[in-house]
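S.K.: Dropping in run.cif, with mmCIF, C-alpha atoms and all ligand atoms.
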```cif
data_model
#
loop_
_atom_site.group_PDB
_atom_site.id
_atom_site.type_symbol
_atom_site.label_atom_id
_atom_site.label_comp_id
_atom_site.auth_asym_id
_atom_site.auth_seq_id
_atom_site.Cartn_x
_atom_site.Cartn_y
_atom_site.Cartn_z
ATOM 1 C CA MET B 320 32.422 29.025 119.650
ATOM 2 C CA ASN B 321 30.263 31.225 121.796
ATOM 3 C CA HIS B 322 28.166 33.584 119.697
ATOM 4 C CA ASP B 323 25.986 36.322 121.124
ATOM 5 C CA VAL B 324 22.312 35.463 121.274
ATOM 6 C CA TYR B 325 20.331 36.403 118.158
ATOM 7 C CA ILE B 326 16.544 36.627 118.204
ATOM 8 C CA SER B 327 14.886 36.144 114.801
ATOM 9 C CA PRO B 328 11.123 36.848 114.931
ATOM 10 C CA SER B 329 9.173 34.936 112.268
ATOM 11 C CA VAL B 330 6.784 37.107 110.250
ATOM 12 C CA LEU B 331 4.671 34.012 109.615
ATOM 13 C CA SER B 332 2.876 34.975 112.832
ATOM 14 C CA ALA B 333 2.776 38.713 112.122
ATOM 15 C CA ASP B 334 -0.441 40.501 111.149
ATOM 16 C CA LEU B 335 0.056 40.799 107.392
ATOM 17 C CA THR B 336 -2.358 43.728 107.241
ATOM 18 C CA LYS B 337 0.032 45.565 109.563
ATOM 19 C CA LEU B 338 3.341 44.096 108.528
ATOM 20 C CA THR B 339 5.246 47.374 108.696
ATOM 21 C CA ASP B 340 3.986 48.073 112.235
ATOM 22 C CA ASP B 341 4.732 44.544 113.403
ATOM 23 C CA VAL B 342 8.247 44.582 111.981
ATOM 24 C CA GLU B 343 8.917 47.991 113.526
ATOM 25 C CA LYS B 344 7.776 46.644 116.898
ATOM 26 C CA VAL B 345 10.324 43.841 116.937
ATOM 27 C CA VAL B 346 13.051 46.035 115.503
ATOM 28 C CA SER B 347 12.567 48.471 118.355
ATOM 29 C CA GLY B 348 12.595 45.518 120.768
ATOM 30 C CA GLY B 349 16.116 44.687 119.590
ATOM 31 C CA ALA B 350 15.523 41.811 117.168
ATOM 32 C CA ASP B 351 18.697 40.771 115.363
ATOM 33 C CA TRP B 352 17.251 39.147 112.249
ATOM 34 C CA ILE B 353 13.802 38.826 110.670
ATOM 35 C CA HIS B 354 12.849 35.214 109.860
ATOM 36 C CA VAL B 355 10.889 34.512 106.680
ATOM 37 C CA ASP B 356 9.294 31.068 106.258
ATOM 38 C CA VAL B 357 8.929 30.032 102.629
ATOM 39 C CA MET B 358 6.681 26.978 102.117
ATOM 40 C CA ASP B 359 5.685 25.326 98.837
ATOM 41 C CA GLY B 360 2.828 22.967 99.702
ATOM 42 C CA HIS B 361 5.005 19.973 98.730
ATOM 43 C CA PHE B 362 7.847 19.626 101.201
ATOM 44 C CA VAL B 363 5.487 20.902 103.879
ATOM 45 C CA PRO B 364 1.680 21.002 103.793
ATOM 46 C CA ASN B 365 1.331 24.770 103.749
ATOM 47 C CA LEU B 366 1.880 27.680 101.377
ATOM 48 C CA THR B 367 3.397 30.994 102.328
ATOM 49 C CA PHE B 368 5.697 33.603 100.839
ATOM 50 C CA GLY B 369 8.099 34.143 97.949
ATOM 51 C CA ALA B 370 10.938 36.492 97.115
ATOM 52 C CA GLY B 371 8.436 39.339 96.713
ATOM 53 C CA LEU B 372 7.878 39.456 100.460
ATOM 54 C CA VAL B 373 11.620 39.592 101.072
ATOM 55 C CA ALA B 374 11.897 42.539 98.682
ATOM 56 C CA ALA B 375 9.051 44.260 100.545
ATOM 57 C CA LEU B 376 10.642 43.594 103.951
ATOM 58 C CA LYS B 377 13.892 44.999 102.633
ATOM 59 C CA ARG B 378 12.086 48.313 102.150
ATOM 60 C CA ILE B 379 10.752 48.173 105.724
ATOM 61 C CA THR B 380 13.909 47.258 107.667
ATOM 62 C CA ASP B 381 17.702 47.179 107.519
ATOM 63 C CA LEU B 382 17.868 44.017 109.644
ATOM 64 C CA PRO B 383 19.257 40.922 107.920
ATOM 65 C CA LEU B 384 16.497 38.749 106.458
ATOM 66 C CA ASP B 385 16.814 35.132 107.601
ATOM 67 C CA VAL B 386 15.039 33.114 104.921
ATOM 68 C CA HIS B 387 14.032 29.520 105.680
ATOM 69 C CA LEU B 388 13.103 27.566 102.571
ATOM 70 C CA MET B 389 10.759 24.643 103.131
ATOM 71 C CA VAL B 390 10.493 23.901 99.421
ATOM 72 C CA GLU B 391 11.507 21.270 96.909
ATOM 73 C CA ARG B 392 14.341 22.310 94.565
ATOM 74 C CA PRO B 393 15.676 25.225 96.598
ATOM 75 C CA GLU B 394 18.306 25.745 93.893
ATOM 76 C CA TRP B 395 15.632 27.399 91.753
ATOM 77 C CA TYR B 396 15.269 30.141 94.341
ATOM 78 C CA ILE B 397 18.852 30.997 95.355
ATOM 79 C CA ALA B 398 19.386 33.834 92.874
ATOM 80 C CA PRO B 399 15.853 35.279 93.219
ATOM 81 C CA PHE B 400 16.124 35.504 97.008
ATOM 82 C CA ALA B 401 19.647 36.939 96.802
ATOM 83 C CA ASP B 402 18.377 39.569 94.365
ATOM 84 C CA ALA B 403 15.454 40.327 96.680
ATOM 85 C CA GLY B 404 17.886 41.069 99.512
ATOM 86 C CA ALA B 405 17.991 37.917 101.664
ATOM 87 C CA SER B 406 21.012 37.653 103.976
ATOM 88 C CA VAL B 407 20.603 34.052 105.128
ATOM 89 C CA PHE B 408 19.345 31.226 102.889
ATOM 90 C CA THR B 409 18.561 27.980 104.711
ATOM 91 C CA PHE B 410 17.165 24.845 103.076
ATOM 92 C CA HIS B 411 16.492 21.211 103.975
ATOM 93 C CA PRO B 412 18.797 18.443 102.676
ATOM 94 C CA GLU B 413 15.902 16.216 101.556
ATOM 95 C CA THR B 414 14.837 18.812 98.992
ATOM 96 C CA THR B 415 17.771 18.654 96.583
ATOM 97 C CA ALA B 416 20.126 16.023 95.205
ATOM 98 C CA HIS B 417 23.256 18.182 95.488
ATOM 99 C CA VAL B 418 23.338 19.734 98.922
ATOM 100 C CA GLN B 419 27.009 20.768 98.860
ATOM 101 C CA ARG B 420 26.685 22.402 95.460
ATOM 102 C CA GLN B 421 23.684 24.427 96.594
ATOM 103 C CA LEU B 422 25.438 25.570 99.791
ATOM 104 C CA ASP B 423 28.332 26.707 97.644
ATOM 105 C CA GLN B 424 25.951 28.516 95.333
ATOM 106 C CA VAL B 425 24.269 30.297 98.236
ATOM 107 C CA ARG B 426 27.633 31.646 99.394
ATOM 108 C CA ALA B 427 28.575 32.588 95.841
ATOM 109 C CA CYS B 428 25.415 34.706 95.740
ATOM 110 C CA GLY B 429 26.590 36.584 98.835
ATOM 111 C CA MET B 430 24.264 35.010 101.413
ATOM 112 C CA LEU B 431 25.015 32.967 104.514
ATOM 113 C CA ALA B 432 24.419 29.284 103.791
ATOM 114 C CA GLY B 433 22.185 27.377 106.177
ATOM 115 C CA LEU B 434 21.083 23.750 106.389
ATOM 116 C CA ALA B 435 17.904 22.823 108.301
ATOM 117 C CA LEU B 436 17.288 19.426 109.872
ATOM 118 C CA ASN B 437 13.822 18.173 110.753
ATOM 119 C CA PRO B 438 13.416 16.397 114.098
ATOM 120 C CA GLY B 439 13.730 13.003 112.387
ATOM 121 C CA THR B 440 16.618 13.939 110.080
ATOM 122 C CA PRO B 441 20.034 12.731 111.260
ATOM 123 C CA LEU B 442 22.721 15.189 112.244
ATOM 124 C CA SER B 443 25.096 13.334 109.919
ATOM 125 C CA TYR B 444 23.620 15.282 106.975
ATOM 126 C CA ALA B 445 25.287 18.364 108.427
ATOM 127 C CA GLU B 446 28.456 16.540 109.360
ATOM 128 C CA GLU B 447 29.242 15.834 105.708
ATOM 129 C CA VAL B 448 29.059 19.511 104.706
ATOM 130 C CA ILE B 449 30.099 21.243 107.883
ATOM 131 C CA ASP B 450 32.754 23.413 106.255
ATOM 132 C CA ASP B 451 30.154 24.711 103.813
ATOM 133 C CA LEU B 452 27.788 25.902 106.542
ATOM 134 C CA ASP B 453 27.377 29.369 108.002
ATOM 135 C CA LEU B 454 24.334 28.231 109.948
ATOM 136 C CA LEU B 455 22.865 24.952 111.134
ATOM 137 C CA LEU B 456 19.145 25.036 111.892
ATOM 138 C CA ILE B 457 17.794 22.337 114.163
ATOM 139 C CA MET B 458 14.007 22.182 113.822
ATOM 140 C CA THR B 459 12.336 21.778 117.193
ATOM 141 C CA VAL B 460 8.975 21.040 115.524
ATOM 142 C CA ASN B 461 8.087 19.357 112.250
ATOM 143 C CA PRO B 462 7.924 22.367 109.949
ATOM 144 C CA GLY B 463 4.804 23.723 108.273
ATOM 145 C CA PHE B 464 2.870 25.683 110.851
ATOM 146 C CA PRO B 465 3.385 28.214 113.614
ATOM 147 C CA ALA B 466 2.420 27.683 117.248
ATOM 148 C CA GLN B 467 3.295 24.002 117.471
ATOM 149 C CA ARG B 468 4.688 22.428 120.599
ATOM 150 C CA TYR B 469 8.470 22.309 121.124
ATOM 151 C CA ILE B 470 9.620 18.690 120.857
ATOM 152 C CA GLU B 471 11.627 18.239 124.029
ATOM 153 C CA THR B 472 13.638 15.267 122.828
ATOM 154 C CA VAL B 473 15.256 17.499 120.192
ATOM 155 C CA THR B 474 17.120 19.395 122.932
ATOM 156 C CA GLY B 475 19.594 16.505 123.021
ATOM 157 C CA LYS B 476 20.145 16.860 119.280
ATOM 158 C CA VAL B 477 20.863 20.568 119.716
ATOM 159 C CA ALA B 478 23.531 19.599 122.251
ATOM 160 C CA ARG B 479 25.003 17.070 119.816
ATOM 161 C CA ALA B 480 24.987 19.700 117.072
ATOM 162 C CA ARG B 481 26.831 22.116 119.391
ATOM 163 C CA ALA B 482 29.428 19.437 120.159
ATOM 164 C CA LEU B 483 29.852 18.647 116.468
ATOM 165 C CA LEU B 484 30.349 22.290 115.456
ATOM 166 C CA ASP B 485 32.841 22.841 118.263
ATOM 167 C CA ALA B 486 34.745 19.623 117.544
ATOM 168 C CA ARG B 487 35.106 20.616 113.894
ATOM 169 C CA GLY B 488 36.106 24.187 114.727
ATOM 170 C CA SER B 489 33.059 25.548 112.907
ATOM 171 C CA SER B 490 31.891 29.066 113.646
ATOM 172 C CA ALA B 491 28.473 28.408 112.071
ATOM 173 C CA ARG B 492 25.542 29.771 114.020
ATOM 174 C CA LEU B 493 23.311 27.150 115.658
ATOM 175 C CA GLU B 494 19.667 28.115 115.205
ATOM 176 C CA VAL B 495 16.523 26.551 116.637
ATOM 177 C CA ASP B 496 13.040 27.010 115.182
ATOM 178 C CA GLY B 497 9.619 25.894 116.389
ATOM 179 C CA GLY B 498 7.856 26.293 119.699
ATOM 180 C CA ILE B 499 10.503 28.674 121.042
ATOM 181 C CA ALA B 500 8.868 30.624 123.857
ATOM 182 C CA ARG B 501 9.450 31.685 127.456
ATOM 183 C CA ASN B 502 9.148 28.113 128.713
ATOM 184 C CA THR B 503 11.500 26.507 126.169
ATOM 185 C CA ILE B 504 14.175 29.003 125.165
ATOM 186 C CA ALA B 505 16.466 28.436 128.138
ATOM 187 C CA ALA B 506 16.636 24.691 127.443
ATOM 188 C CA ALA B 507 17.658 25.326 123.836
ATOM 189 C CA ARG B 508 20.198 27.929 124.915
ATOM 190 C CA GLY B 509 21.549 25.580 127.572
ATOM 191 C CA ALA B 510 22.067 22.952 124.870
ATOM 192 C CA GLY B 511 24.174 25.421 122.901
ATOM 193 C CA ALA B 512 21.867 27.194 120.453
ATOM 194 C CA ASP B 513 22.724 30.836 119.767
ATOM 195 C CA THR B 514 20.011 31.896 117.304
ATOM 196 C CA PHE B 515 16.329 31.665 118.187
ATOM 197 C CA VAL B 516 13.394 31.870 115.806
ATOM 198 C CA ALA B 517 10.121 32.759 117.493
ATOM 199 C CA GLY B 518 6.840 33.462 115.734
ATOM 200 C CA SER B 519 3.714 33.050 117.835
ATOM 201 C CA ALA B 520 5.559 33.708 121.115
ATOM 202 C CA ILE B 521 6.481 37.187 119.886
ATOM 203 C CA PHE B 522 3.718 38.295 117.514
ATOM 204 C CA GLY B 523 1.027 36.540 119.541
ATOM 205 C CA SER B 524 2.030 38.341 122.711
ATOM 206 C CA ASP B 525 0.437 41.547 123.974
ATOM 207 C CA ASP B 526 3.688 43.414 123.515
ATOM 208 C CA PRO B 527 5.965 42.069 120.759
ATOM 209 C CA THR B 528 8.511 44.800 121.450
ATOM 210 C CA SER B 529 9.194 43.752 125.032
ATOM 211 C CA GLU B 530 8.809 40.044 124.266
ATOM 212 C CA VAL B 531 12.004 40.108 122.194
ATOM 213 C CA GLY B 532 13.878 41.334 125.279
ATOM 214 C CA GLU B 533 12.098 38.864 127.564
ATOM 215 C CA LEU B 534 13.224 35.939 125.423
ATOM 216 C CA ARG B 535 16.754 37.287 125.268
ATOM 217 C CA LYS B 536 16.800 37.702 129.053
ATOM 218 C CA LEU B 537 15.688 34.102 129.549
ATOM 219 C CA CYS B 538 18.627 32.931 127.448
ATOM 220 C CA HIS B 539 20.901 34.347 130.096
ATOM 221 C CA THR B 540 19.272 32.142 132.725
ATOM 222 C CA ALA B 541 20.324 29.013 130.828
ATOM 223 C CA VAL B 542 22.815 26.687 132.454
HETATM 224 C C1 LIG W 601 7.767 26.236 111.354
HETATM 225 C C2 LIG W 601 8.462 27.467 110.828
HETATM 226 C C3 LIG W 601 8.728 28.398 111.916
HETATM 227 C C4 LIG W 601 7.499 29.016 112.534
HETATM 228 C C5 LIG W 601 7.748 29.059 114.008
HETATM 229 O O1 LIG W 601 7.321 25.501 110.341
HETATM 230 O O2 LIG W 601 9.690 27.119 110.233
HETATM 231 O O3 LIG W 601 9.704 29.382 111.629
HETATM 232 O O4 LIG W 601 7.233 30.322 112.078
HETATM 233 O O5 LIG W 601 6.597 29.430 114.655
HETATM 234 P P1 LIG W 601 6.468 29.313 116.231
HETATM 235 O O6 LIG W 601 7.573 30.137 116.837
HETATM 236 O O7 LIG W 601 5.125 29.874 116.510
HETATM 237 O O8 LIG W 601 6.598 27.860 116.577
HETATM 238 ZN ZN ZN W 602 11.310 28.786 110.062
#
```
Rewrite the coordinates I just gave you, this time as structure tokens.

M.R.:
Amino acid sequence: MNHDVYISPSVLSADLTKLTDDVEKVVSGGADWIHVDVMDGHFVPNLTFGAGLVAALKRITDLPLDVHLMVERPEWYIAPFADAGASVFTFHPETTAHVQRQLDQVRACGMLAGLALNPGTPLSYAEEVIDDLDLLLIMTVNPGFPAQRYIETVTGKVARARALLDARGSSARLEVDGGIARNTIAAARGAGADTFVAGSAIFGSDDPTSEVGELRKLCHTAV
């Protein structure tokens, strides 16, 4: 399944005092989704946003909001994020006892259901629930912080994820997150990813608007 490339800028690296401006910049650069990193200080050693930020973003942009939950007990947050206007709800399998039930619940609430795998988490977690997935997120860093280095060995896992989705006839999007920048995006695209989260590479650049297009262009150089 060959999806068009989606670029999903992460507002974790935006200037929160100028969130509206920063979001408008990437929207005018052609961003497809806006990525929202939700961290609880337990599953990952950092604290960030809740459903309130999603509701605020919803008033700023019509783009789908791609919410990435790095929290324990994601089931507590499915309805609140759906009500706030999230379009994609992605969580990690280690954070809940009943992964399939929660994926089902996410879809029942009208959102796309995503499962995120840390670099050390086996792909087999996704294999068991592949028909319940609208998106598979392969983490290319250990989550928690922006501006970390892309872990090159994960490129092989992205390729295995692509092969798995194709073999099972899944049309789920294959997203990568962490360290995606000009020097890494083509490798991830070449391995079969179609959805690219980028935080510091976009909002840390001099021109976030054109950076969205630059990253997209580099995807087309992938072999
Ligand atoms: C990592 C988060 C990412 C983060 C990516 O813990 O899940 O979405 O914002 O930031 P960059 O693109 O700077 O690595
Ligand atoms: Zn993320």

S.K.: Find the residues around stretch 533-537 of chain B up to 9 Å (all atoms listed in the file counted), leave out those fewer than 4 positions away in its own chain, and share them as a list in words.

M.R.: Val324, Tyr325, Ile326, Ile499, Ala500, Arg501, Asn502, Ile504, Ala505, Arg508, Phe515, Ile521, Ser529 and Ala541 of chain B

S.K.: Have a look at B:Val363, B:Ala480, B:Ala432, B:Ala506 and name the one nearest to B:Asp451; count all atoms listed in the file.

M.R.: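 The answer is B:Ala432, which sits nearest to B:Asp451.
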
S.K.: Could you give me the residues within 8 Å of ligand LIG 601 (chain W), counting only C-alpha atoms and all ligand atoms, as a PyMOL selection string?

M.R.: chain B and resi 328-332+354-356+387+389+458+460-469+496-500+516-521

S.K.: Spell out the residues picked by the PyMOL selection byres (((chain B and resi 490) around 10) and not hetatm) here, as a ChimeraX atom specification.

M.R.: /B:320-322,449-450,452-454,484-485,487-489,491-493

S.K.: Considering only C-alpha atoms and all ligand atoms, can you say which of B:Glu447, B:Asp525, B:Asp513, B:Asp385 comes closest to ligand ZN 602 (chain W)?

M.R.: B:Asp385

S.K.: Hey, can you check how far atom CA of B:Ala375 sits from atom CA of B:Val407?

M.R.: 16.1 Å

S.K.: Find the distance between atom CA of B:Leu442 and atom CA of B:Arg481 and write it in Å to one decimal.

M.R.: 10.8 Å

S.K.: Here's the selection I'm unsure about, the PyMOL selection byres (((chain B and resi 390-401) around 6) and not hetatm); applied to the file above, which residues does it give, as number ranges by chain?

M.R.: B: 358-359, 362, 370, 388-389, 402-405, 414-415

S.K.: May I ask for the distance between atom CA of B:Glu530 and atom CA of B:Gly348, given in Å to one decimal place?

M.R.: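 Computing it gives 7.5 Å between the two atoms.
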
S.K.: For each of B:Gly433, B:Gly371, B:Pro527, B:Pro412, take the minimum atom-to-atom distance to ligand ZN 602 (chain W), counting only C-alpha atoms and all ligand atoms, then give the residue where this is smallest.

M.R.: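 Counting only C-alpha atoms and all ligand atoms, the residue closest to ligand ZN 602 (chain W) is B:Gly433.
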
S.K.: With only C-alpha atoms as the atoms that count, which of B:Leu335, B:Val357, B:Val342, B:Ala512 lies nearest to B:Lys377?

M.R.: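 The shortest atom-to-atom distance to B:Lys377 comes from B:Val342.
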
S.K.: Rank B:Thr336, B:Glu343, B:Ser406, B:Val448 by their smallest atom-to-atom distance to B:Asp423, using all atoms listed in the file, and report the top residue only.

M.R.: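 Closest residue, counting all atoms listed in the file: B:Val448.
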